[in-house]
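So this block is my_file_11.txt, compact mmCIF, C-alpha atoms and all ligand atoms:
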```
# COMPACT_ATOMS: atom_id res chain seq x y z
CA MET U 275 12.08 -26.31 2.07
CA GLN U 276 11.18 -29.89 1.11
CA ASP U 277 8.25 -30.60 -1.20
CA ILE U 278 6.13 -31.23 1.87
CA GLU U 279 6.54 -30.51 5.57
CA ARG U 280 4.53 -31.38 8.64
CA VAL U 281 3.10 -28.46 10.61
CA ASP U 282 4.12 -28.55 14.24
CA ARG U 283 3.36 -25.13 15.66
CA CYS U 284 0.06 -23.42 14.88
CA ARG U 285 0.67 -20.62 12.38
CA VAL U 286 -1.62 -18.27 14.31
CA CYS U 287 -0.83 -18.82 18.01
CA GLY U 288 2.43 -20.80 17.91
CA ARG U 289 1.19 -23.64 20.12
CA ASP U 290 1.63 -27.33 19.33
CA ASP U 291 -1.68 -28.63 20.67
CA TRP U 292 -3.65 -30.24 17.87
CA LEU U 293 -6.77 -32.36 17.73
CA ASP U 294 -7.05 -34.57 14.64
CA ILE U 295 -10.33 -33.88 12.84
CA ILE U 296 -10.28 -35.95 9.65
CA SER U 297 -7.77 -37.62 7.37
CA PHE U 298 -8.33 -37.97 3.63
CA GLY U 299 -5.27 -40.18 3.22
CA SER U 300 -2.90 -39.16 0.44
CA ALA U 301 -3.94 -37.15 -2.58
CA PRO U 302 -2.18 -35.59 -5.56
CA LEU U 303 -2.31 -31.79 -5.89
CA ALA U 304 -5.82 -30.78 -6.97
CA ASN U 305 -4.42 -28.44 -9.63
CA GLY U 306 -1.90 -30.96 -10.97
CA LEU U 307 -3.62 -31.68 -14.27
CA LEU U 308 -2.06 -34.54 -16.22
CA ASP U 309 -1.12 -34.73 -19.85
CA PRO U 310 -2.63 -37.98 -21.21
CA ALA U 311 0.35 -38.45 -23.52
CA ALA U 312 2.95 -38.18 -20.76
CA ASP U 313 4.12 -41.07 -18.67
CA ASP U 314 2.38 -40.22 -15.43
CA ALA U 315 2.85 -43.49 -13.59
CA ASP U 316 4.66 -41.68 -10.78
CA GLU U 317 1.99 -39.11 -9.95
CA GLN U 318 2.97 -37.74 -6.54
CA ALA U 319 0.51 -37.82 -3.67
CA TYR U 320 0.74 -35.92 -0.39
CA PRO U 321 -1.01 -36.46 2.94
CA LEU U 322 -4.22 -34.51 3.44
CA ASP U 323 -5.01 -34.42 7.15
CA VAL U 324 -7.03 -31.79 8.97
CA ALA U 325 -6.56 -30.76 12.61
CA LEU U 326 -7.87 -28.15 15.02
CA CYS U 327 -5.62 -25.98 17.18
CA ARG U 328 -7.03 -26.33 20.67
CA GLU U 329 -5.58 -23.00 21.71
CA CYS U 330 -6.87 -20.57 19.05
CA GLY U 331 -9.46 -22.62 17.14
CA LEU U 332 -7.63 -22.60 13.80
CA MET U 333 -8.65 -25.47 11.53
CA SER U 334 -5.59 -26.32 9.46
CA LEU U 335 -3.97 -28.92 7.28
CA ARG U 336 -1.27 -30.86 9.12
CA HIS U 337 1.10 -30.66 6.13
CA ILE U 338 2.17 -27.89 3.83
CA VAL U 339 3.31 -28.32 0.25
CA ASN U 340 6.17 -26.02 -0.79
CA PRO U 341 4.50 -22.81 -2.07
CA GLU U 342 7.07 -22.58 -4.87
CA LYS U 343 5.50 -25.79 -6.16
CA LEU U 344 1.92 -24.60 -5.76
CA PHE U 345 1.87 -20.93 -6.64
CA ARG U 346 4.62 -19.97 -9.08
CA TYR U 347 2.51 -21.21 -11.95
CA PHE U 348 -1.12 -20.99 -10.97
CA VAL U 349 -4.05 -22.25 -13.00
CA TRP U 350 -6.88 -20.57 -11.12
CA VAL U 351 -7.81 -17.38 -12.93
CA SER U 352 -10.30 -15.12 -11.16
CA SER U 353 -13.69 -15.58 -12.70
CA ASP U 354 -15.66 -13.11 -14.81
CA SER U 355 -18.96 -14.78 -13.92
CA ALA U 356 -21.95 -12.58 -13.10
CA LEU U 357 -21.74 -13.67 -9.45
CA MET U 358 -18.08 -12.67 -9.11
CA THR U 359 -18.49 -9.42 -11.05
CA ARG U 360 -21.32 -8.46 -8.71
CA HIS U 361 -19.18 -9.43 -5.72
CA ARG U 362 -16.21 -7.34 -6.83
CA GLN U 363 -18.44 -4.30 -7.17
CA ARG U 364 -19.87 -4.94 -3.73
CA VAL U 365 -16.33 -5.25 -2.30
CA PHE U 366 -15.41 -1.95 -3.92
CA GLY U 367 -18.45 -0.35 -2.30
CA TRP U 368 -17.57 -1.74 1.14
CA CYS U 369 -13.97 -0.55 0.80
CA ALA U 370 -15.08 2.94 -0.21
CA GLU U 371 -17.57 3.14 2.66
CA LYS U 372 -15.36 1.67 5.38
CA SER U 373 -11.91 3.06 4.51
CA GLY U 374 -12.74 6.58 3.36
CA MET U 375 -10.49 6.07 0.32
CA ALA U 376 -10.59 8.71 -2.40
CA ALA U 377 -9.27 9.11 -5.95
CA GLY U 378 -5.47 9.25 -5.94
CA ASP U 379 -5.09 6.99 -2.87
CA LEU U 380 -2.93 3.87 -3.16
CA VAL U 381 -4.46 0.38 -3.03
CA VAL U 382 -2.17 -2.67 -2.71
CA GLU U 383 -3.49 -6.17 -3.26
CA MET U 384 -1.80 -9.46 -2.29
CA GLY U 385 -2.61 -12.49 -4.45
CA SER U 386 -3.97 -10.08 -7.04
CA ASN U 387 -4.26 -12.81 -9.72
CA VAL U 388 -4.84 -11.24 -13.16
CA GLY U 389 -5.77 -7.86 -11.65
CA THR U 390 -9.53 -8.05 -12.09
CA GLN U 391 -10.37 -6.53 -8.70
CA LEU U 392 -7.67 -3.86 -8.93
CA ALA U 393 -8.84 -2.82 -12.40
CA LEU U 394 -12.12 -1.78 -10.78
CA PHE U 395 -10.25 0.46 -8.31
CA GLN U 396 -8.18 1.90 -11.16
CA GLU U 397 -11.32 2.79 -13.09
CA ARG U 398 -12.47 4.83 -10.08
CA GLY U 399 -9.25 6.84 -10.02
CA LEU U 400 -7.25 4.99 -7.36
CA ARG U 401 -3.60 4.12 -7.80
CA THR U 402 -2.99 0.38 -7.58
CA VAL U 403 -0.18 -2.15 -7.21
CA GLY U 404 -0.75 -5.90 -7.20
CA VAL U 405 1.52 -8.63 -5.82
CA ASP U 406 1.16 -12.24 -6.96
CA PRO U 407 3.74 -15.05 -7.00
CA ALA U 408 2.29 -16.61 -10.17
CA ARG U 409 4.47 -15.29 -12.97
CA ASN U 410 1.95 -16.39 -15.60
CA LEU U 411 -0.84 -14.36 -13.94
CA ALA U 412 1.32 -11.31 -13.14
CA ARG U 413 2.25 -11.11 -16.82
CA ILE U 414 -1.42 -11.03 -17.85
CA ALA U 415 -2.14 -8.33 -15.23
CA ASN U 416 0.78 -6.16 -16.35
CA ASP U 417 -0.28 -6.56 -19.97
CA ARG U 418 -3.72 -5.19 -19.14
CA GLY U 419 -2.16 -2.21 -17.37
CA VAL U 420 -2.48 -3.32 -13.74
CA GLU U 421 1.03 -2.97 -12.30
CA THR U 422 1.83 -6.31 -10.61
CA VAL U 423 4.94 -7.55 -8.85
CA ALA U 424 5.52 -11.27 -9.51
CA ASP U 425 6.53 -12.27 -5.99
CA PHE U 426 5.29 -13.53 -2.64
CA PHE U 427 3.79 -10.72 -0.55
CA GLY U 428 6.04 -9.81 2.40
CA PRO U 429 8.03 -6.97 4.04
CA GLU U 430 10.67 -6.70 1.29
CA VAL U 431 8.13 -6.31 -1.49
CA THR U 432 5.94 -3.87 0.43
CA ALA U 433 8.90 -1.78 1.63
CA SER U 434 9.84 -1.33 -1.99
CA ILE U 435 6.25 -0.45 -2.96
CA ARG U 436 6.16 2.15 -0.20
CA GLU U 437 9.42 3.62 -1.39
CA THR U 438 8.12 4.01 -4.93
CA HIS U 439 4.43 4.77 -4.38
CA GLY U 440 4.04 5.91 -0.77
CA ALA U 441 1.80 4.44 1.92
CA ALA U 442 -1.39 2.55 1.09
CA LYS U 443 -4.84 3.62 2.17
CA LEU U 444 -6.00 0.07 1.55
CA VAL U 445 -4.19 -3.26 1.60
CA MET U 446 -6.38 -6.15 0.54
CA GLY U 447 -6.28 -9.86 -0.15
CA HIS U 448 -9.17 -11.77 -1.67
CA GLN U 449 -9.28 -15.55 -1.37
CA CYS U 450 -5.53 -15.91 -0.90
CA PHE U 451 -4.92 -15.47 2.83
CA ALA U 452 -6.00 -19.04 3.61
CA HIS U 453 -3.25 -20.27 1.24
CA ILE U 454 -0.51 -18.61 3.27
CA ASP U 455 1.61 -20.42 5.86
CA ASP U 456 3.76 -17.60 7.26
CA VAL U 457 0.90 -15.24 8.04
CA HIS U 458 3.09 -13.23 10.43
CA ASN U 459 5.49 -12.38 7.63
CA VAL U 460 2.55 -11.27 5.48
CA LEU U 461 1.18 -9.09 8.29
CA ASP U 462 4.67 -7.60 8.75
CA GLY U 463 4.44 -6.84 5.04
CA VAL U 464 1.12 -5.09 5.62
CA ASP U 465 2.70 -3.06 8.43
CA ARG U 466 5.43 -1.76 6.11
CA VAL U 467 3.04 -0.24 3.60
CA LEU U 468 -0.27 0.51 5.36
CA ALA U 469 -0.87 4.22 6.07
CA PRO U 470 -1.60 5.22 9.70
CA ASP U 471 -5.28 5.69 8.76
CA GLY U 472 -5.24 2.74 6.36
CA THR U 473 -7.50 -0.31 6.27
CA LEU U 474 -6.60 -3.97 5.82
CA VAL U 475 -9.24 -6.02 3.99
CA ILE U 476 -8.96 -9.80 4.02
CA GLU U 477 -11.52 -12.08 2.36
CA VAL U 478 -11.45 -15.79 3.20
CA PRO U 479 -13.83 -18.71 2.84
CA TYR U 480 -15.81 -18.86 6.08
CA VAL U 481 -15.27 -21.97 8.15
CA LEU U 482 -18.83 -21.83 9.52
CA ASP U 483 -20.22 -22.11 5.98
CA LEU U 484 -17.77 -24.92 5.23
CA LEU U 485 -19.03 -26.83 8.27
CA ASP U 486 -22.74 -26.07 7.70
CA GLU U 487 -22.70 -26.96 4.00
CA ASN U 488 -20.40 -30.01 4.22
CA GLN U 489 -17.92 -28.38 1.84
CA PHE U 490 -15.32 -31.10 2.37
CA ASP U 491 -14.17 -30.75 -1.25
CA THR U 492 -12.73 -27.30 -0.48
CA ILE U 493 -10.15 -29.09 1.68
CA TYR U 494 -7.05 -29.54 -0.49
CA HIS U 495 -3.37 -28.74 -0.31
CA GLU U 496 -3.60 -25.09 -1.38
CA HIS U 497 -6.03 -24.32 1.42
CA LEU U 498 -3.90 -24.42 4.54
CA SER U 499 -6.22 -22.59 6.93
CA TYR U 500 -9.99 -22.52 7.48
CA TYR U 501 -10.72 -19.34 9.40
CA SER U 502 -13.34 -18.16 11.82
CA LEU U 503 -13.61 -14.47 12.67
CA THR U 504 -12.56 -15.37 16.22
CA THR U 505 -9.22 -16.78 15.03
CA LEU U 506 -8.59 -14.02 12.47
CA SER U 507 -9.34 -11.31 15.06
CA ARG U 508 -6.81 -12.82 17.41
CA LEU U 509 -4.20 -13.01 14.64
CA PHE U 510 -4.73 -9.45 13.40
CA ALA U 511 -4.83 -8.02 16.94
CA SER U 512 -1.46 -9.65 17.66
CA HIS U 513 -0.09 -7.41 14.87
CA GLY U 514 -1.72 -4.23 16.17
CA LEU U 515 -4.53 -4.48 13.63
CA PRO U 516 -7.83 -4.90 15.49
CA VAL U 517 -10.84 -5.93 13.41
CA VAL U 518 -13.26 -3.03 12.89
CA ASP U 519 -15.84 -4.53 10.55
CA VAL U 520 -16.91 -7.72 8.80
CA GLU U 521 -19.30 -8.65 6.00
CA ARG U 522 -20.51 -12.08 4.88
CA ALA U 523 -20.53 -12.77 1.14
CA ASP U 524 -22.08 -15.57 -0.92
CA VAL U 525 -18.93 -16.37 -2.93
CA HIS U 526 -16.77 -19.50 -2.81
CA GLY U 527 -19.48 -21.27 -0.84
CA GLY U 528 -19.68 -18.47 1.74
CA SER U 529 -16.92 -16.06 2.72
CA ILE U 530 -16.18 -13.33 5.22
CA VAL U 531 -14.63 -10.01 4.29
CA VAL U 532 -12.80 -8.73 7.36
CA PHE U 533 -11.71 -5.10 7.84
CA ALA U 534 -8.94 -4.17 10.27
CA ALA U 535 -7.33 -0.83 11.15
CA ARG U 536 -4.28 0.19 13.10
CA GLU U 537 -4.49 0.31 16.86
CA GLY U 538 -4.77 3.91 17.89
CA SER U 539 -6.71 4.84 14.73
CA GLY U 540 -9.64 5.46 17.07
CA ARG U 541 -12.00 3.38 14.95
CA ARG U 542 -14.63 1.50 16.87
CA PRO U 543 -15.70 -1.97 15.71
CA SER U 544 -19.14 -2.11 14.08
CA ALA U 545 -21.94 -4.09 15.70
CA ARG U 546 -21.47 -6.69 12.94
CA VAL U 547 -18.16 -7.75 14.53
CA ALA U 548 -19.66 -8.42 17.96
CA ASP U 549 -22.66 -10.15 16.35
CA LEU U 550 -20.56 -12.57 14.31
CA LEU U 551 -18.20 -13.31 17.22
CA ALA U 552 -21.27 -14.05 19.34
CA LEU U 553 -22.67 -16.37 16.65
CA GLU U 554 -19.36 -18.25 16.55
CA GLU U 555 -19.43 -18.58 20.32
CA ARG U 556 -23.01 -19.93 20.21
CA ARG U 557 -22.05 -22.39 17.49
CA GLY U 558 -19.11 -23.63 19.56
CA LEU U 559 -16.46 -22.78 16.94
CA THR U 560 -13.74 -22.65 19.58
CA THR U 561 -14.62 -26.15 20.73
CA ALA U 562 -14.00 -29.47 19.01
CA ARG U 563 -17.64 -30.53 18.68
CA PRO U 564 -18.72 -28.82 15.40
CA TYR U 565 -15.54 -29.97 13.64
CA LEU U 566 -15.89 -33.58 14.77
CA GLU U 567 -19.56 -33.56 13.72
CA PHE U 568 -18.47 -32.19 10.33
CA ALA U 569 -15.98 -35.05 10.01
CA ASP U 570 -18.78 -37.57 10.65
CA ARG U 571 -21.13 -35.91 8.16
CA THR U 572 -18.33 -35.73 5.60
CA ARG U 573 -17.69 -39.46 5.75
CA ARG U 574 -21.42 -40.11 5.23
CA THR U 575 -21.73 -37.52 2.44
CA ILE U 576 -18.77 -38.99 0.55
CA ASP U 577 -20.42 -42.43 0.71
CA ALA U 578 -23.78 -41.00 -0.35
CA ILE U 579 -22.35 -39.18 -3.38
CA GLY U 580 -20.49 -42.32 -4.45
CA ASP U 581 -23.67 -44.40 -4.05
CA VAL U 582 -25.81 -42.02 -6.14
CA VAL U 583 -23.28 -41.75 -8.97
CA ARG U 584 -22.37 -45.44 -9.06
CA GLY U 585 -26.08 -46.35 -8.90
CA LEU U 586 -26.91 -44.20 -11.91
CA ALA U 587 -23.87 -45.44 -13.83
CA ALA U 588 -24.95 -49.04 -13.13
CA GLU U 589 -28.34 -48.19 -14.68
CA GLY U 590 -26.47 -47.20 -17.81
CA LYS U 591 -26.83 -43.43 -17.34
CA ARG U 592 -24.10 -41.33 -18.86
CA ILE U 593 -22.66 -38.94 -16.29
CA ALA U 594 -20.26 -36.04 -16.78
CA GLY U 595 -18.79 -33.52 -14.36
CA TYR U 596 -19.81 -29.88 -14.80
CA GLY U 597 -16.67 -27.82 -14.32
CA ALA U 598 -13.20 -29.07 -13.43
CA PRO U 599 -12.31 -26.84 -10.47
CA SER U 600 -9.80 -27.91 -7.82
CA LYS U 601 -12.63 -28.79 -5.48
CA GLY U 602 -14.19 -30.96 -8.20
CA SER U 603 -10.95 -32.81 -8.64
CA THR U 604 -10.87 -33.26 -4.85
CA LEU U 605 -14.48 -34.45 -4.65
CA LEU U 606 -14.09 -37.03 -7.42
CA GLN U 607 -10.98 -38.43 -5.77
CA MET U 608 -12.45 -38.50 -2.28
CA CYS U 609 -15.56 -40.28 -3.57
CA GLY U 610 -13.40 -42.79 -5.48
CA LEU U 611 -15.03 -41.94 -8.82
CA THR U 612 -13.27 -42.82 -12.08
CA PRO U 613 -13.95 -42.53 -15.82
CA ALA U 614 -16.01 -45.73 -15.43
CA GLU U 615 -18.69 -43.64 -13.68
CA VAL U 616 -17.94 -40.04 -14.68
CA GLN U 617 -16.95 -40.15 -18.32
CA PHE U 618 -15.47 -36.66 -18.53
CA CYS U 619 -15.67 -33.16 -17.04
CA SER U 620 -16.70 -30.15 -19.05
CA ASP U 621 -14.80 -26.92 -18.41
CA THR U 622 -14.63 -23.56 -20.20
CA THR U 623 -10.94 -22.98 -19.31
CA SER U 624 -9.09 -23.74 -22.53
CA PHE U 625 -5.77 -24.86 -21.00
CA LYS U 626 -7.55 -27.49 -18.88
CA GLN U 627 -9.21 -29.05 -21.92
CA GLY U 628 -7.56 -32.24 -23.14
CA LYS U 629 -5.91 -32.85 -19.75
CA LEU U 630 -6.77 -35.46 -17.13
CA LEU U 631 -7.81 -34.69 -13.57
CA PRO U 632 -5.20 -35.80 -11.04
CA GLY U 633 -6.04 -38.96 -9.12
CA SER U 634 -9.32 -39.82 -10.81
CA ARG U 635 -7.78 -39.47 -14.32
CA ILE U 636 -11.10 -38.24 -15.68
CA PRO U 637 -10.57 -36.34 -18.97
CA ILE U 638 -11.53 -32.66 -19.34
CA ARG U 639 -13.51 -31.59 -22.42
CA SER U 640 -14.75 -28.30 -23.78
CA PRO U 641 -18.45 -27.43 -23.26
CA GLU U 642 -19.01 -27.95 -27.01
CA GLN U 643 -17.52 -31.46 -26.90
CA ALA U 644 -19.58 -32.13 -23.78
CA ARG U 645 -22.81 -31.09 -25.47
CA ALA U 646 -22.02 -33.32 -28.47
CA GLN U 647 -21.70 -36.29 -26.11
CA ALA U 648 -25.07 -35.50 -24.52
CA PRO U 649 -24.69 -36.86 -20.98
CA ASP U 650 -27.85 -37.79 -19.05
CA TYR U 651 -26.55 -36.24 -15.83
CA TYR U 652 -24.10 -33.53 -14.90
CA LEU U 653 -22.43 -33.84 -11.51
CA LEU U 654 -22.27 -30.18 -10.50
CA LEU U 655 -18.67 -29.86 -9.33
CA ALA U 656 -18.65 -26.05 -9.58
CA TRP U 657 -21.49 -25.90 -7.03
CA ASN U 658 -20.56 -22.37 -5.96
CA TYR U 659 -22.06 -21.26 -9.29
CA ALA U 660 -25.08 -23.60 -9.06
CA GLU U 661 -27.72 -20.95 -9.62
CA GLU U 662 -25.94 -19.38 -12.58
CA ILE U 663 -25.16 -22.75 -14.19
CA ILE U 664 -28.64 -24.22 -13.77
CA ALA U 665 -30.15 -21.07 -15.30
CA LYS U 666 -27.70 -21.22 -18.21
CA GLU U 667 -28.35 -24.91 -18.88
CA GLN U 668 -32.13 -24.69 -19.07
CA ALA U 669 -32.09 -26.30 -22.55
CA PHE U 670 -30.20 -29.32 -21.15
CA LEU U 671 -32.79 -29.63 -18.37
CA ASP U 672 -35.74 -29.11 -20.76
CA ALA U 673 -34.38 -31.92 -22.93
CA GLY U 674 -34.57 -34.26 -19.92
CA GLY U 675 -31.06 -33.75 -18.57
CA ARG U 676 -30.49 -33.63 -14.83
CA PHE U 677 -27.98 -32.24 -12.40
CA ILE U 678 -26.59 -34.06 -9.39
CA VAL U 679 -25.82 -31.38 -6.81
CA PRO U 680 -23.32 -33.12 -4.50
CA ILE U 681 -23.40 -31.01 -1.33
CA PRO U 682 -24.53 -30.45 1.38
CA GLN U 683 -26.25 -33.76 0.52
CA PRO U 684 -26.46 -35.25 -2.96
CA ARG U 685 -29.73 -34.34 -4.69
CA ILE U 686 -31.07 -34.48 -8.22
CA VAL U 687 -32.31 -31.34 -9.98
CA ASP U 688 -34.52 -31.76 -13.06
CA SER U 689 -36.36 -29.33 -15.33
CA ALA U 690 -39.12 -28.76 -12.79
CA LEU U 691 -36.32 -27.65 -10.46
CA THR U 692 -37.72 -30.15 -8.00
CA ALA U 693 -35.20 -31.75 -5.77
CA SER U 694 -35.31 -35.32 -4.56
CA ALA U 695 -32.89 -37.19 -2.40
ZN ZN D 701 -3.44 -21.91 17.29
```
Starting from the coordinates I provided, produce the structure as structure tokens.
Amino acid sequence: MQDIERVDRCRVCGRDDWLDIISFGSAPLANGLLDPAADDADEQAYPLDVALCRECGLMSLRHIVNPEKLFRYFVWVSSDSALMTRHRQRVFGWCAEKSGMAAGDLVVEMGSNVGTQLALFQERGLRTVGVDPARNLARIANDRGVETVADFFGPEVTASIRETHGAAKLVMGHQCFAHIDDVHNVLDGVDRVLAPDGTLVIEVPYVLDLLDENQFDTIYHEHLSYYSLTTLSRLFASHGLPVVDVERADVHGGSIVVFAAREGSGRRPSARVADLLALEERRGLTTARPYLEFADRTRRTIDAIGDVVRGLAAEGKRIAGYGAPSKGSTLLQMCGLTPAEVQFCSDTTSFKQGKLLPGSRIPIRSPEQARAQAPDYYLLLAWNYAEEIIAKEQAFLDAGGRFIVPIPQPRIVDSALTASA
């Protein structure tokens, strides 16, 4: 395929009946960090437009960037933060409770990254195989003893896994399903390897949380789809995999973990499924209204963040970004912020340090370098870890430092943990 293609037919329902929600113009890839020494005058930008499928309620980007370009070398490494460690244990517990898996059963994970989640299953005696297209991540996973196939998840890969390892009691995908364009091919891949009494577990950022919390910065080229349970249920059911359970989780700004089983397995959906579908109905998620309201709020929030940061910079305050995640890169670009306002971003990931963020060209520094430069304010770009970060940076706050928390509305957090607009 080309570097970028326009989406015509909805990847879930196949219809071509879109309502434009919001356009962010053109943007470079959020993960495309720049080398300051290289000639980067021709940084490529791609359209970033969001639309709603009027038939099935899928919120989607209107363009897809070639996955070979996005995912063969991937810079997002699953986090070892306390929040994520807790979440992985909780996911393990849900899987054990809802799938009836036992030691010796096979667990297959798509988008398994460096194998952190699978390692937990291994420790409890399950057999595991990961699949991830990022060769750099698959190598790390294999080195730590989590068998990982460096490829895109699909029927060929899973047929070969089944041949070697047998059928899987559990097939799971955490925070990768929304990156996938050909979801039908992936679900065909699930079909090839899932045991008759197996469970499919898919975790995605929850579109209702995105809308409610104004998480516009999570909209970037990797994230093709923004799912509701209503849309996912329809998709899974069309592959003979009705949803049997769902849990909400406080990771990545709010996610849903959806459990599906084969038709004819006799499993009845839990009350949680009906409850969440009813909530989505009440909130009008299959209508245009909440998405169009989100688009309005987003335009205002982007202006408000820009005003706060530019205002402080004009007063001579020194401002740095806390974290350099993809969504931070997106937020800085969308708010039109540059090194004139945000001098640098601090990030613990060593291979990001010394690089420039795409678009905004803000440099990335190590936390040690950041501390030495003593900014007055940190713009909290990694807001999904707000609680953990604010607790960790108590000394910065006690010394008079402040955080700007950008969403849902920009607010300032100081040592008294008091918030003001
Ligand atoms: Zn659709």
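Each residue with an atom within 9 Å of any atom of ligand ZN 701 (chain D) appears in the list, which was built counting only C-alpha atoms and all ligand atoms: Arg283, Cys284, Arg285, Val286, Cys287, Gly288, Arg289, Asp290, Asp291, Trp292, Leu326, Cys327, Arg328, Glu329, Cys330, Gly331, Leu332, Met333 and Thr505 of chain U.
Taking atom CA of U:His526 as the reference point, atom CA of U:Leu631 is found at 20.7 Å.
In terms of minimum interatomic distance to U:Pro516, U:Val532 ranks closest within U:Ala587, U:Val460, U:Ala312, U:Val532, counting all atoms listed in the file.
Separating atom CA of U:Phe490 from atom CA of U:Leu654 is a distance of 14.7 Å.
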Task: Spatial neighbours of U:Pro680, max dist 8 Å, only C-alpha atoms, sep filter under 4 positions, as a PyMOL selection string - done: chain U and resi 579+653-655+657+684-685
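You can rank U:Val517, U:Leu611, U:Ala356, U:Leu293 by their closest distance to U:Lys666 using only C-alpha atoms, and at the top of that list sits U:Ala356.
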- [ ] Give as a count of residues only every residue, naming chains and numbers as the document does, that has an atom within 9 Å of (-30.3, -35.3, -7.5), counting all atoms listed in the file.
- [x] 15
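With all atoms listed in the file as the atoms that count, the minimum distance from U:Ser539 to the choices U:Asp486, U:Thr473, U:Leu444, U:Ile338 is reached by U:Thr473.
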Wanna dump the stretch 556-602 of chain U-stretch 624-627 of chain U contacts at 12 Å for me, each residue with its shortest atom pair and the distance in Å to one decimal, counting only C-alpha atoms, ordered by chain and number, as JSON lines?
```
{"residue": "U:Gly597", "atom": "CA", "partner": "U:Lys626", "partner_atom": "CA", "distance": 10.2}
{"residue": "U:Ala598", "atom": "CA", "partner": "U:Lys626", "partner_atom": "CA", "distance": 8.0}
{"residue": "U:Pro599", "atom": "CA", "partner": "U:Lys626", "partner_atom": "CA", "distance": 9.7}
{"residue": "U:Ser600", "atom": "CA", "partner": "U:Lys626", "partner_atom": "CA", "distance": 11.3}
```
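Reported to one decimal place, the separation of atom CA of U:Met446 from atom CA of U:Val403 is 10.7 Å.
Proximity ranking of U:Pro310, U:Gly374, U:Gly447, U:Pro321 relative to U:Phe298 places U:Pro321 first, based on only C-alpha atoms.
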